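Report on the structure given below.
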Amino acid sequence: RGGFGDVQQNPGCGSEDTSGGKGLQGAVSELLQCDVQVGKSDAKTVLGTDVLPLAAGLECDEDAENIPELPTMLYPAHVVDIVQRIERAVAGIDGASVRSFGSAVNGFGDASSDVDVVLAAPKSVLQQSLNLGRVSNKDLAPRSLLALQKYLKDEGFRITERVMHAKVPILKMTCSGLECDLSMNNLLPVFNSRLLKAYADIDDRVVRITQIVKQWARDSGVHGGQYGNLSSYSFTLLVIFYMQVRGALPCLQTDADRRPQYYS
């Protein structure tokens, strides 16, 4: 359906120009005309380590007891408010962690991005703190989320939809004019968001190029996993890889093939 190198010649790539008359290839090339090779020292400055561990298959174990240490990030003020409200709502759950993930915090979104939040806590703690009794691993997340509704409402959230039968159950909420999705022990996106934020911090051109590519994809009708196309996250990864090939970004998982860290 057309790539970076043939967009200008492909009539199926949409008629609307979203890159100031330059076309997709021209806009991307202009942003990358001063490529700089980024070494491991730059990655270490951003991450505090040479590489970011590979978070593959990240989920709780069969007993839903092993919660890995979660990365932290600086959040925008509106996300901090949402996270703090949820932290107060779950204050009765000993050792629970609340993290935000997705475009609202990974450097690729803006103030209008929905706020995605996850609550992480072991199964035994949730059973005791929320009086769940005997509960299967499959029912742990939906029953925990439903049990938290009252406490979330006390913190100013309005529940707009309960999506309990999805692969990742969520409570859809609004608060202070913001839309928020809350999930339970859905941890891999937290690590993915930290990785994307690291790349955005190294070179903000990756954000601008990703925005150009996503807009081109929308205009061309090739955006959206729900329509059988690549998802927004997939386009972001493609841009990161493209910039790595051009020498504008390092690979922050250089040692992942030799020293991977798996959470399963």
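Labels for the structure tokens follow display order: chains A, B, ..., residues from 1 in each chain, ligands from 1.
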
With a cut-off of 10 Å, could you pull out the residues of range 65-158 of chain A touching range 163-181 of chain A and give me the nearest pair of atoms for each, distance in Å to one decimal, using only C-alpha atoms, ordered by chain and ascending number, as CSV?
```
residue,atom,partner,partner_atom,distance
A:His78,CA,A:Leu178,CA,8.5
A:Val79,CA,A:Leu178,CA,9.4
A:Asp81,CA,A:Ser176,CA,9.4
A:Ile82,CA,A:Cys175,CA,7.6
A:Arg85,CA,A:Cys175,CA,9.5
A:Ser100,CA,A:Asp181,CA,9.7
A:Ala111,CA,A:Leu178,CA,9.4
A:Ser112,CA,A:Leu178,CA,8.0
A:Ser113,CA,A:Glu179,CA,8.3
A:Asp114,CA,A:Glu179,CA,5.3
A:Val115,CA,A:Cys180,CA,4.7
A:Asp116,CA,A:Asp181,CA,4.9
A:Val117,CA,A:Asp181,CA,6.1
A:Val118,CA,A:Asp181,CA,8.3
A:Lys138,CA,A:Lys167,CA,9.5
A:Asp139,CA,A:Met164,CA,9.1
A:Leu140,CA,A:Pro169,CA,9.9
A:Ala141,CA,A:Pro169,CA,6.6
A:Pro142,CA,A:Met164,CA,5.4
A:Arg143,CA,A:Met164,CA,8.6
A:Leu145,CA,A:Leu171,CA,6.9
A:Leu146,CA,A:Leu171,CA,8.1
A:Leu148,CA,A:Leu171,CA,9.8
A:Gln149,CA,A:Leu171,CA,8.6
A:Leu152,CA,A:Met173,CA,9.3
A:Lys153,CA,A:Met173,CA,9.5
A:Glu155,CA,A:Cys175,CA,8.9
A:Gly156,CA,A:Cys175,CA,6.2
A:Phe157,CA,A:Cys175,CA,4.9
A:Arg158,CA,A:Thr174,CA,5.3
```

Selected residues written out with C-alpha atoms, as a tab-separated table (two decimals), in the first residue's frame:
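To be explicit, this is the file written out as part03.tsv:
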```tsv
chain	number	residue	atom	x	y	z
A	78	HIS	CA	-3.56	16.04	34.35
A	79	VAL	CA	-2.34	12.43	34.44
A	81	ASP	CA	-4.28	14.06	39.11
A	82	ILE	CA	-5.97	10.95	37.68
A	85	ARG	CA	-7.30	9.95	42.63
A	100	SER	CA	-0.35	5.17	33.64
A	111	ALA	CA	-3.34	16.75	26.36
A	112	SER	CA	-6.34	15.34	24.49
A	113	SER	CA	-5.14	11.73	24.72
A	114	ASP	CA	-7.20	9.34	26.82
A	115	VAL	CA	-5.56	8.35	30.10
A	116	ASP	CA	-4.88	4.62	30.43
A	117	VAL	CA	-4.20	3.40	33.96
A	118	VAL	CA	-3.45	0.00	35.42
A	138	LYS	CA	-9.98	-15.30	34.78
A	139	ASP	CA	-12.54	-13.55	36.99
A	140	LEU	CA	-10.02	-11.75	39.20
A	141	ALA	CA	-9.75	-8.58	37.11
A	142	PRO	CA	-13.47	-8.02	36.38
A	143	ARG	CA	-14.54	-8.77	39.94
A	145	LEU	CA	-12.76	-3.64	39.06
A	146	LEU	CA	-16.44	-3.95	39.87
A	148	LEU	CA	-13.68	-0.75	43.22
A	149	GLN	CA	-16.47	1.24	41.60
A	152	LEU	CA	-13.65	5.42	42.44
A	153	LYS	CA	-16.94	7.31	42.44
A	155	GLU	CA	-12.88	10.24	44.15
A	156	GLY	CA	-14.88	11.98	41.44
A	157	PHE	CA	-14.92	9.36	38.70
A	158	ARG	CA	-18.04	8.62	36.69
```

**Request:** May I ask which of the residues A:Leu252, A:Ser129, A:Ile86, A:Lys123 is the closest one to Arg194 in chain A, counting only C-alpha atoms?
**Result:** A:Leu252

**Request:** Mind listing the strand (DSSP E) residues of range 43-215 of chain A, per DSSP on the backbone, as a PyMOL selection string?
**Result:** chain A and resi 97-101+115-120+158-163+170-175+178-184

Could the residues in this selection be saved with C-alpha atoms as a compact mmCIF listing (two decimals), in the first residue's frame?
```
# COMPACT_ATOMS: atom_id res chain seq x y z
CA SER A 97 0.72 0.08 42.50
CA VAL A 98 -0.94 2.47 40.07
CA ARG A 99 0.73 3.33 36.76
CA SER A 100 -0.35 5.17 33.64
CA PHE A 101 0.62 4.04 30.15
CA VAL A 115 -5.56 8.35 30.10
CA ASP A 116 -4.88 4.62 30.43
CA VAL A 117 -4.20 3.40 33.96
CA VAL A 118 -3.45 0.00 35.42
CA LEU A 119 -3.73 -1.22 39.01
CA ALA A 120 -1.17 -3.87 39.94
CA ARG A 158 -18.04 8.62 36.69
CA ILE A 159 -18.29 5.10 35.31
CA THR A 160 -19.40 5.27 31.67
CA GLU A 161 -18.94 1.64 30.59
CA ARG A 162 -17.98 -1.70 32.10
CA VAL A 163 -16.10 -3.85 29.60
CA ILE A 170 -11.55 -2.31 31.81
CA LEU A 171 -13.67 0.30 33.51
CA LYS A 172 -14.25 3.27 31.22
CA MET A 173 -14.53 6.43 33.28
CA THR A 174 -14.51 10.20 33.06
CA CYS A 175 -13.11 12.68 35.57
CA LEU A 178 -10.93 13.52 30.84
CA GLU A 179 -11.64 10.00 29.62
CA CYS A 180 -9.86 7.26 31.55
CA ASP A 181 -9.61 3.48 31.17
CA LEU A 182 -8.68 1.42 34.23
CA SER A 183 -7.41 -2.15 33.91
CA MET A 184 -6.02 -4.69 36.37
```

**Non-local contacts of Lys197 in chain A (10 Å; only C-alpha atoms; under 6 positions in same chain excluded) as a ChimeraX atom specification** = /A:46-47,73-74,102-103,105-108,191,204,207

Produce a file of the selected residues containing N, CA, C and O atoms, as a short mmCIF file (atom, residue, chain, number, x, y, z; two decimals), in the first residue's frame.
```cif
data_model
loop_
_atom_site.label_atom_id
_atom_site.label_comp_id
_atom_site.auth_asym_id
_atom_site.auth_seq_id
_atom_site.Cartn_x
_atom_site.Cartn_y
_atom_site.Cartn_z
N VAL A 46 19.57 8.61 29.27
CA VAL A 46 18.11 8.66 29.33
C VAL A 46 17.55 7.64 30.30
O VAL A 46 16.66 7.93 31.10
N LEU A 47 18.08 6.42 30.26
CA LEU A 47 17.47 5.31 31.01
C LEU A 47 18.14 5.03 32.34
O LEU A 47 17.57 4.36 33.19
N MET A 73 7.70 6.93 35.51
CA MET A 73 7.91 8.02 34.56
C MET A 73 7.34 9.30 35.16
O MET A 73 6.50 9.25 36.06
N LEU A 74 7.80 10.42 34.64
CA LEU A 74 7.20 11.70 34.99
C LEU A 74 5.94 11.88 34.16
O LEU A 74 5.98 11.78 32.93
N GLY A 102 0.49 4.37 27.76
CA GLY A 102 -0.14 4.82 26.53
C GLY A 102 0.27 6.22 26.10
O GLY A 102 1.19 6.82 26.65
N SER A 103 -0.44 6.75 25.13
CA SER A 103 -0.05 8.00 24.48
C SER A 103 -0.08 9.21 25.40
O SER A 103 0.58 10.20 25.14
N VAL A 105 1.27 9.44 28.21
CA VAL A 105 2.50 9.54 28.99
C VAL A 105 3.76 9.13 28.23
O VAL A 105 4.87 9.36 28.71
N ASN A 106 3.63 8.52 27.04
CA ASN A 106 4.82 7.99 26.37
C ASN A 106 5.51 9.00 25.46
O ASN A 106 6.48 8.66 24.78
N GLY A 107 5.01 10.24 25.44
CA GLY A 107 5.66 11.28 24.64
C GLY A 107 5.12 11.42 23.24
O GLY A 107 5.51 12.34 22.52
N PHE A 108 4.21 10.52 22.81
CA PHE A 108 3.69 10.55 21.45
C PHE A 108 2.26 11.09 21.38
O PHE A 108 1.69 11.18 20.30
N PHE A 191 5.66 -1.18 30.50
CA PHE A 191 7.04 -1.29 30.04
C PHE A 191 7.18 -0.74 28.62
O PHE A 191 8.16 -0.06 28.31
N ASP A 204 13.29 14.14 19.60
CA ASP A 204 11.86 14.42 19.45
C ASP A 204 11.39 14.37 18.00
O ASP A 204 10.21 14.44 17.72
N VAL A 207 8.80 11.70 17.31
CA VAL A 207 7.40 12.03 17.58
C VAL A 207 6.79 12.73 16.38
O VAL A 207 5.69 12.39 15.93
#
```

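Picture a line from CA of Gln127 in chain A to CA of Thr72 in chain A; it runs 26.0 Å.
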
**Pairwise distance for CA of Ala91 in chain A and CA of Asn192 in chain A, rounded to one decimal in Å** =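 Result for CA of Ala91 in chain A versus CA of Asn192 in chain A: 26.2 Å, one decimal.
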
**Request:** Just give me the gap between CA of Arg205 in chain A and CA of Gly224 in chain A in Å, one decimal is fine.
**Result:**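 Spanning CA of Arg205 in chain A to CA of Gly224 in chain A is a straight-line distance of 22.7 Å.
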
**Fill in**
Min atom-atom distance to Glu69 in chain A from the set A:Ile202, A:Leu249, A:Leu230, A:Leu187, counting only C-alpha atoms, belongs to A:Leu187

Give me the residues near Asp94 in chain A as an mmCIF file with N, CA and C atoms, in the first residue's frame, where near means some atom within 10 Å (using only C-alpha atoms) and where sequence neighbours in that chain fewer than 6 positions away do not count.
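Output file part-v4.cif is given in full below:
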```cif
data_model
loop_
_atom_site.group_PDB
_atom_site.id
_atom_site.type_symbol
_atom_site.label_atom_id
_atom_site.label_comp_id
_atom_site.auth_asym_id
_atom_site.auth_seq_id
_atom_site.Cartn_x
_atom_site.Cartn_y
_atom_site.Cartn_z
ATOM 1 N N ALA A 121 -1.622 -5.543 41.629
ATOM 2 C CA ALA A 121 -1.657 -6.092 42.982
ATOM 3 C C ALA A 121 -1.772 -7.607 42.898
ATOM 4 N N PRO A 122 -1.158 -8.347 43.829
ATOM 5 C CA PRO A 122 -1.257 -9.804 43.817
ATOM 6 C C PRO A 122 -2.688 -10.277 44.076
ATOM 7 N N VAL A 125 -3.843 -10.479 47.781
ATOM 8 C CA VAL A 125 -4.098 -9.168 48.388
ATOM 9 C C VAL A 125 -5.454 -8.641 47.930
ATOM 10 N N LEU A 126 -5.763 -8.790 46.657
ATOM 11 C CA LEU A 126 -7.055 -8.338 46.140
ATOM 12 C C LEU A 126 -8.201 -9.124 46.774
ATOM 13 N N GLN A 128 -8.325 -10.504 49.704
ATOM 14 C CA GLN A 128 -8.526 -10.107 51.100
ATOM 15 C C GLN A 128 -9.027 -8.674 51.212
ATOM 16 N N SER A 129 -8.422 -7.754 50.474
ATOM 17 C CA SER A 129 -8.764 -6.337 50.623
ATOM 18 C C SER A 129 -10.155 -6.012 50.087
#
```

**Message:** Quick check for you: according to DSSP on this backbone, which residues of range 42-184 of chain A are classed as helix (DSSP H, G or I)? Reply as a PyMOL selection string.
**Reply:** chain A and resi 42-47+77-89+123-129+137-154
